[in-house]
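Peer 1: Sharing target_16.cif (mmCIF, C-alpha atoms and all ligand atoms) below.
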data_my_file
#
loop_
_atom_site.label_atom_id
_atom_site.label_comp_id
_atom_site.auth_asym_id
_atom_site.auth_seq_id
_atom_site.Cartn_x
_atom_site.Cartn_y
_atom_site.Cartn_z
CA MET A 1 78.54 83.18 110.93
CA SER A 2 75.39 85.16 110.35
CA ASN A 3 71.63 85.04 110.62
CA THR A 4 70.16 82.44 112.91
CA VAL A 5 72.38 79.57 111.91
CA PRO A 6 75.62 78.64 113.66
CA ASP A 7 78.71 78.50 111.48
CA GLY A 8 79.12 75.14 109.83
CA SER A 9 75.56 74.02 110.26
CA LEU A 10 72.87 73.47 107.68
CA ILE A 11 70.85 76.38 106.39
CA PRO A 12 67.28 75.72 105.32
CA LEU A 13 67.20 75.62 101.56
CA VAL A 14 64.59 78.35 101.55
CA SER A 15 67.40 80.81 102.16
CA LEU A 16 68.68 79.96 98.72
CA GLU A 17 65.30 80.23 97.09
CA ASP A 18 64.70 83.96 97.28
CA THR A 19 67.28 84.82 94.66
CA GLY A 20 64.94 85.90 91.89
CA GLU A 21 64.09 84.25 88.64
CA ARG A 22 62.43 80.89 88.34
CA LEU A 23 62.36 78.72 85.25
CA PRO A 24 58.85 77.84 84.10
CA SER A 25 58.08 74.32 85.17
CA SER A 26 57.74 73.16 81.59
CA CYS A 27 61.39 73.84 80.84
CA ILE A 28 62.98 73.04 84.17
CA THR A 29 66.20 71.21 83.80
CA ARG A 30 67.87 69.64 86.79
CA GLU A 31 68.91 72.40 89.17
CA THR A 32 71.31 71.35 91.91
CA ASP A 33 72.08 73.01 95.21
CA LEU A 34 75.54 73.73 93.83
CA SER A 35 74.23 75.55 90.75
CA ARG A 36 71.87 77.57 92.91
CA TRP A 37 74.67 78.40 95.32
CA LEU A 38 76.89 79.57 92.46
CA ALA A 39 74.08 81.75 91.12
CA LEU A 40 73.28 83.17 94.55
CA ASN A 41 76.88 84.25 95.01
CA ARG A 42 77.31 85.21 91.34
CA LEU A 43 80.23 82.87 90.93
CA GLU A 44 81.53 81.03 87.95
CA LYS A 45 82.34 77.36 88.26
CA THR A 46 85.69 77.33 86.47
CA SER A 47 87.36 80.01 88.55
CA CYS A 48 85.97 78.54 91.77
CA LEU A 49 87.50 75.17 90.96
CA LYS A 50 90.80 76.77 90.09
CA LEU A 51 90.95 78.54 93.43
CA LEU A 52 89.86 75.49 95.38
CA ASP A 53 92.59 73.38 93.79
CA GLN A 54 95.21 75.95 94.73
CA LEU A 55 93.89 76.23 98.26
CA LEU A 56 94.16 72.47 98.66
CA LEU A 57 97.66 72.52 97.19
CA ASP A 58 99.27 75.22 99.33
CA THR A 59 96.56 77.61 100.70
CA PHE A 60 98.17 80.34 98.56
CA GLY A 61 100.91 80.43 101.15
CA ILE A 62 98.53 81.68 103.85
CA ALA A 63 99.63 80.35 107.25
CA THR A 64 97.62 77.58 108.87
CA GLU A 65 99.77 77.31 111.97
CA THR A 66 102.11 79.42 114.07
CA PRO A 67 104.63 77.03 115.67
CA GLY A 68 105.40 77.89 119.27
CA ILE A 69 102.48 80.29 119.64
CA SER A 70 99.08 79.21 120.82
CA ASN A 71 95.60 80.45 121.54
CA GLU A 72 96.05 82.38 124.77
CA VAL A 73 94.02 83.30 127.80
CA THR A 74 93.24 87.00 128.02
CA THR A 75 92.02 89.22 130.83
CA VAL A 76 89.94 91.40 128.52
CA ASP A 77 86.33 91.34 129.67
CA PRO A 78 83.51 90.98 127.11
CA SER A 79 82.34 94.59 127.10
CA HIS A 80 85.90 95.85 126.75
CA ALA A 81 86.49 93.32 123.97
CA TRP A 82 83.41 94.62 122.13
CA LYS A 83 84.84 98.15 122.40
CA ILE A 84 88.21 96.94 121.13
CA CYS A 85 86.49 95.52 118.04
CA CYS A 86 84.80 98.90 117.49
CA ASP A 87 88.08 100.78 117.80
CA ALA A 88 89.90 98.25 115.61
CA ILE A 89 87.53 98.56 112.66
CA SER A 90 87.30 102.35 112.98
CA SER A 91 91.07 102.51 113.00
CA SER A 92 91.53 100.29 109.93
CA ILE A 93 88.61 101.72 107.92
CA PRO A 94 88.15 105.32 109.11
CA SER A 95 85.40 106.13 106.63
CA LEU A 96 83.19 103.55 108.35
CA ARG A 97 83.62 105.13 111.79
CA PRO A 98 80.03 106.54 112.09
CA VAL A 99 78.39 103.22 111.21
CA VAL A 100 80.92 101.29 113.30
CA GLU A 101 80.06 103.41 116.33
CA LYS A 102 76.38 103.00 115.62
CA THR A 103 76.91 99.23 115.48
CA PHE A 104 78.81 99.37 118.77
CA THR A 105 76.16 101.31 120.65
CA GLU A 106 72.95 99.96 119.13
CA THR A 107 73.56 96.25 118.52
CA SER A 108 71.89 93.95 121.03
CA THR A 109 74.47 91.59 122.45
CA CYS A 110 74.77 88.56 124.67
CA LEU A 111 78.50 88.10 125.12
CA ARG A 112 78.69 86.12 128.35
CA PRO A 113 75.53 84.03 128.67
CA ARG A 114 74.59 82.45 131.99
CA ASN A 115 73.98 78.72 131.78
CA SER A 116 75.05 78.72 128.16
CA THR A 117 73.45 76.03 126.03
CA ILE A 118 74.77 77.40 122.73
CA SER A 119 78.52 77.26 122.18
CA GLN A 120 78.64 78.64 118.65
CA SER A 121 78.64 82.36 118.00
CA PHE A 122 76.06 83.92 115.72
CA THR A 123 74.60 87.19 114.50
CA TYR A 124 70.91 87.48 113.87
CA ASP A 125 69.67 89.83 111.15
CA ARG A 126 66.29 90.99 112.44
CA GLY A 127 65.37 92.75 109.21
CA PHE A 128 65.33 96.15 107.60
CA HIS A 129 65.78 99.09 109.99
CA ARG A 130 66.07 96.78 112.99
CA VAL A 131 69.30 96.39 114.93
CA PRO A 132 71.03 93.00 114.73
CA PHE A 133 71.59 90.67 117.68
CA VAL A 134 75.02 89.19 118.43
CA TYR A 135 75.63 86.11 120.56
CA VAL A 136 79.12 85.01 121.63
CA ASP A 137 79.92 82.71 124.53
CA TYR A 138 83.01 84.73 125.39
CA SER A 139 85.62 82.66 127.23
CA TYR A 140 88.51 85.08 127.79
CA SER A 141 90.70 83.65 125.04
CA SER A 142 92.30 84.87 121.84
CA LYS A 143 89.86 82.69 119.92
CA SER A 144 86.94 84.40 121.68
CA LEU A 145 88.31 87.78 120.69
CA ILE A 146 88.51 86.65 117.07
CA SER A 147 84.93 85.37 117.27
CA LEU A 148 83.79 88.70 118.68
CA ALA A 149 85.45 90.61 115.84
CA HIS A 150 83.86 88.21 113.33
CA GLU A 151 80.37 88.80 114.70
CA PHE A 152 80.99 92.55 114.97
CA GLY A 153 81.80 92.42 111.26
CA HIS A 154 78.46 90.74 110.57
CA ALA A 155 76.59 93.27 112.71
CA LEU A 156 78.41 96.11 110.97
CA GLN A 157 77.50 94.82 107.52
CA ILE A 158 73.84 94.53 108.54
CA THR A 159 73.84 98.01 110.08
CA ALA A 160 75.53 99.48 107.00
CA SER A 161 72.92 97.81 104.80
CA ASN A 162 70.18 99.32 106.95
CA ASP A 163 71.52 102.76 106.06
CA SER A 164 70.64 102.08 102.43
CA ASP A 165 67.32 103.02 100.87
CA VAL A 166 66.62 99.49 99.76
CA TYR A 167 67.09 96.41 101.90
CA ALA A 168 68.70 93.52 100.11
CA ARG A 169 70.30 90.58 101.84
CA MET A 170 73.96 90.23 100.98
CA PRO A 171 74.98 86.85 99.49
CA PRO A 172 76.57 84.55 102.07
CA ILE A 173 80.12 84.61 100.71
CA SER A 174 80.07 88.41 100.79
CA ARG A 175 78.73 88.42 104.35
CA GLU A 176 81.43 86.07 105.53
CA CYS A 177 84.08 88.12 103.75
CA CYS A 178 82.99 91.20 105.74
CA ALA A 179 83.26 89.25 108.98
CA PHE A 180 86.74 87.96 108.05
CA VAL A 181 87.88 91.50 107.21
CA ALA A 182 86.82 92.51 110.72
CA GLU A 183 89.15 89.81 112.08
CA HIS A 184 92.01 91.36 110.10
CA CYS A 185 91.15 94.75 111.61
CA LEU A 186 91.38 93.34 115.14
CA ILE A 187 94.76 91.71 114.51
CA ASP A 188 96.13 94.87 112.95
CA TYR A 189 94.82 96.95 115.86
CA ALA A 190 96.52 94.61 118.35
CA ARG A 191 99.78 94.92 116.45
CA HIS A 192 99.79 98.69 116.93
CA SER A 193 97.73 99.33 120.06
CA ALA A 194 97.45 96.15 122.13
CA PRO A 195 100.66 94.16 121.50
CA VAL A 196 100.03 91.83 124.43
CA LEU A 197 97.13 90.39 122.44
CA PHE A 198 98.88 90.15 119.09
CA SER A 199 100.60 86.76 119.05
CA GLY A 200 97.61 84.95 120.53
CA LEU A 201 95.27 86.49 117.96
CA VAL A 202 97.58 85.51 115.09
CA ALA A 203 97.77 81.95 116.40
CA ALA A 204 93.99 81.66 116.69
CA TRP A 205 93.51 83.19 113.23
CA ALA A 206 96.07 80.86 111.60
CA LYS A 207 94.49 77.81 113.21
CA ASP A 208 91.11 78.89 111.85
CA ASN A 209 92.70 79.08 108.39
CA LEU A 210 93.18 75.33 108.48
CA TYR A 211 89.46 74.90 109.02
CA TYR A 212 88.29 77.57 106.58
CA LEU A 213 90.86 77.21 103.79
CA VAL A 214 91.50 73.46 103.86
CA ASP A 215 88.72 71.52 105.60
CA ASN A 216 85.94 73.62 104.08
CA ALA A 217 87.65 73.67 100.68
CA GLU A 218 87.63 69.87 100.71
CA THR A 219 83.92 69.92 101.52
CA LEU A 220 83.19 72.31 98.67
CA LYS A 221 85.40 70.39 96.26
CA ARG A 222 83.38 67.26 97.01
CA ALA A 223 80.25 69.17 96.03
CA PHE A 224 81.85 70.09 92.70
CA ASN A 225 82.85 66.47 92.14
CA LYS A 226 79.39 65.20 93.02
CA ASP A 227 76.90 67.94 92.32
CA THR A 228 73.96 66.11 93.85
CA LEU A 229 75.22 66.87 97.35
CA SER A 230 73.03 69.07 99.53
CA TYR A 231 74.00 72.62 100.38
CA HIS A 232 76.06 73.19 103.50
CA TYR A 233 76.81 76.63 104.91
CA SER A 234 80.53 75.79 105.13
CA TRP A 235 80.68 76.01 101.31
CA ASN A 236 80.83 79.78 101.79
CA TYR A 237 83.95 79.91 103.92
CA PRO A 238 86.96 78.99 101.77
CA LEU A 239 86.46 81.61 99.06
CA ALA A 240 85.25 84.22 101.56
CA ARG A 241 88.38 83.66 103.65
CA LEU A 242 90.61 83.87 100.60
CA TRP A 243 88.84 87.01 99.38
CA SER A 244 89.17 88.73 102.73
CA HIS A 245 92.88 88.08 102.75
CA TRP A 246 93.27 89.32 99.19
CA LEU A 247 91.17 92.46 99.82
CA TRP A 248 93.05 93.25 103.01
CA ASN A 249 96.38 93.08 101.23
CA GLU A 250 95.53 94.29 97.74
CA ARG A 251 92.44 96.54 98.04
CA HIS A 252 92.82 98.10 101.45
CA ASP A 253 91.59 101.51 100.28
CA ASN A 254 88.32 99.96 99.11
CA LEU A 255 87.50 97.96 102.23
CA ALA A 256 84.63 100.26 103.21
CA ASP A 257 82.84 99.45 99.97
CA ILE A 258 82.40 95.79 100.74
CA PHE A 259 80.20 96.52 103.76
CA HIS A 260 77.76 98.50 101.62
CA THR A 261 77.43 96.32 98.54
CA ASN A 262 74.23 94.56 99.65
CA GLY A 263 73.27 92.01 97.03
CA THR A 264 75.49 93.34 94.30
CA SER A 265 78.68 91.41 94.93
CA SER A 266 80.16 89.76 91.90
CA GLU A 267 83.33 88.14 90.79
CA ASP A 268 84.58 91.44 89.42
CA ILE A 269 83.94 93.47 92.54
CA TRP A 270 85.32 90.88 94.88
CA GLY A 271 88.32 90.01 92.76
CA LEU A 272 87.70 86.33 92.27
CA LYS A 273 88.67 86.50 88.61
CA ASN A 274 91.71 88.59 89.50
CA ILE A 275 92.90 85.98 91.95
CA ALA A 276 92.18 83.11 89.59
CA SER A 277 93.83 84.74 86.59
CA SER A 278 96.95 85.52 88.59
CA LEU A 279 97.48 81.79 88.91
CA ASP A 280 98.21 81.68 85.20
CA SER A 281 101.07 84.11 85.40
CA GLY A 282 102.86 83.70 88.66
CA PRO A 283 103.48 81.84 91.88
CA SER A 284 100.50 80.86 93.97
CA THR A 285 101.55 83.05 96.87
CA LEU A 286 99.71 86.20 95.82
CA TYR A 287 100.21 88.27 98.85
CA SER A 288 102.94 90.37 100.23
CA GLN A 289 101.88 89.27 103.69
CA THR A 290 100.73 85.72 104.31
CA VAL A 291 100.62 86.00 108.07
CA PRO A 292 100.28 89.21 110.08
CA ARG A 293 103.67 90.20 111.45
CA ASP A 294 104.65 92.14 114.54
CA ASP A 295 106.96 94.74 113.04
ZN ZN B 1 80.27 84.29 109.92
#
Would you write out, as structure tokens, the structure that this file holds?
Peer 2:
Amino acid sequence: MSNTVPDGSLIPLVSLEDTGERLPSSCITRETDLSRWLALNRLEKTSCLKLLDQLLLDTFGIATETPGISNEVTTVDPSHAWKICCDAISSSIPSLRPVVEKTFTETSTCLRPRNSTISQSFTYDRGFHRVPFVYVDYSYSSKSLISLAHEFGHALQITASNDSDVYARMPPISRECCAFVAEHCLIDYARHSAPVLFSGLVAAWAKDNLYYLVDNAETLKRAFNKDTLSYHYSWNYPLARLWSHWLWNERHDNLADIFHTNGTSSEDIWGLKNIASSLDSGPSTLYSQTVPRDD
């Protein structure tokens, strides 16, 4: 998740209202949360629906379970885990190393709160030229490690944006895609450099796919079927998760770019149209790798 709002919870509508143009009141037609969400993320309704239908049919072949492997207890302490996330992203996306290391050293973190009253992880964007704040109630599990990588990805995207001349908040689907790419980096790092962590991370990641690619796709599909429904932050997850998987497998050399795009993401940059159009010409399993393998 990102900003001040835990994943899956409601975001004040004001966060959707700073997207630019307003229609004069005299010619306002009915504007729904869904239409504003599509505009904010620069998405087109037809291709979104196409992708949602395929997600609900077979998740594009992306694994949602790993039989026989479960979320595992780890002995990695929170500060070491934070360093592992740094090394993982630097290793997968070497051109980002300076900003990754800056994120590692400068981000304010609370990774093992005393008397925790907040169970959900979050990253707080404190504004232009200010370091982000990351909160994770780290519980020595594979799932906690995945959460840490996710929030590191958010902090990295914010820090990378702060290196730009102009501050512009990245649309929510793009932000979540960055965080999901960071999860891929961690899993890939474990495969090569920390094999004891690998199977547990894959299991936790696959289980999350069920939530992000199926449960959240159903929620978003309901919004398309009944466009008077109010915005929910979980609308951002299914396409962001799908995009991250596609980018990781098909655009690996361009991964650094997504952390710097600020508010300029679009269907073309992020490949939504590419994914949707591929459905017309081939099987729904787009990827050479639908679950990370230990090879
Ligand atoms: Zn997130």
Peer 1: In terms of the shortest atom-to-atom distance over all atoms listed in the file, which of A:Ala149, A:Asp227, A:His260, A:Tyr233 is closest to Thr32 in chain A?
Peer 2: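 Ranked by minimum distance to Thr32 in chain A, first place goes to A:Asp227.
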Peer 1: Pick the closest to Ile146 in chain A from A:Leu220, A:Ala39, A:Ile62, A:Val202: which is it, counting all atoms listed in the file?
Peer 2: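 That would be A:Val202, the residue with the smallest distance to Ile146 in chain A.
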Peer 1: Report the distance between CA of Pro67 in chain A and CA of Ile173 in chain A in Å, rounded to one decimal place.
Peer 2: 29.7 Å
Peer 1: Could you list, as a PyMOL selection string, every residue within 7 Å of Pro132 in chain A, counting all atoms listed in the file and ignoring same-chain residues fewer than 4 positions away?
Peer 2: chain A and resi 107-108+123-126+155+158
Peer 1: Using all atoms listed in the file, pick whichever of A:Pro78, A:Asp53, A:Leu111, A:Leu197 has the shortest atom-to-atom distance to Lys221 in chain A.
Peer 2: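 Of all the options, A:Asp53 lies closest to Lys221 in chain A.
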Peer 1: Given only C-alpha atoms as the basis, pick out the residue of A:Leu148, A:Leu55, A:Cys110, A:Leu40 nearest to Ala182 in chain A.
Peer 2: A:Leu148
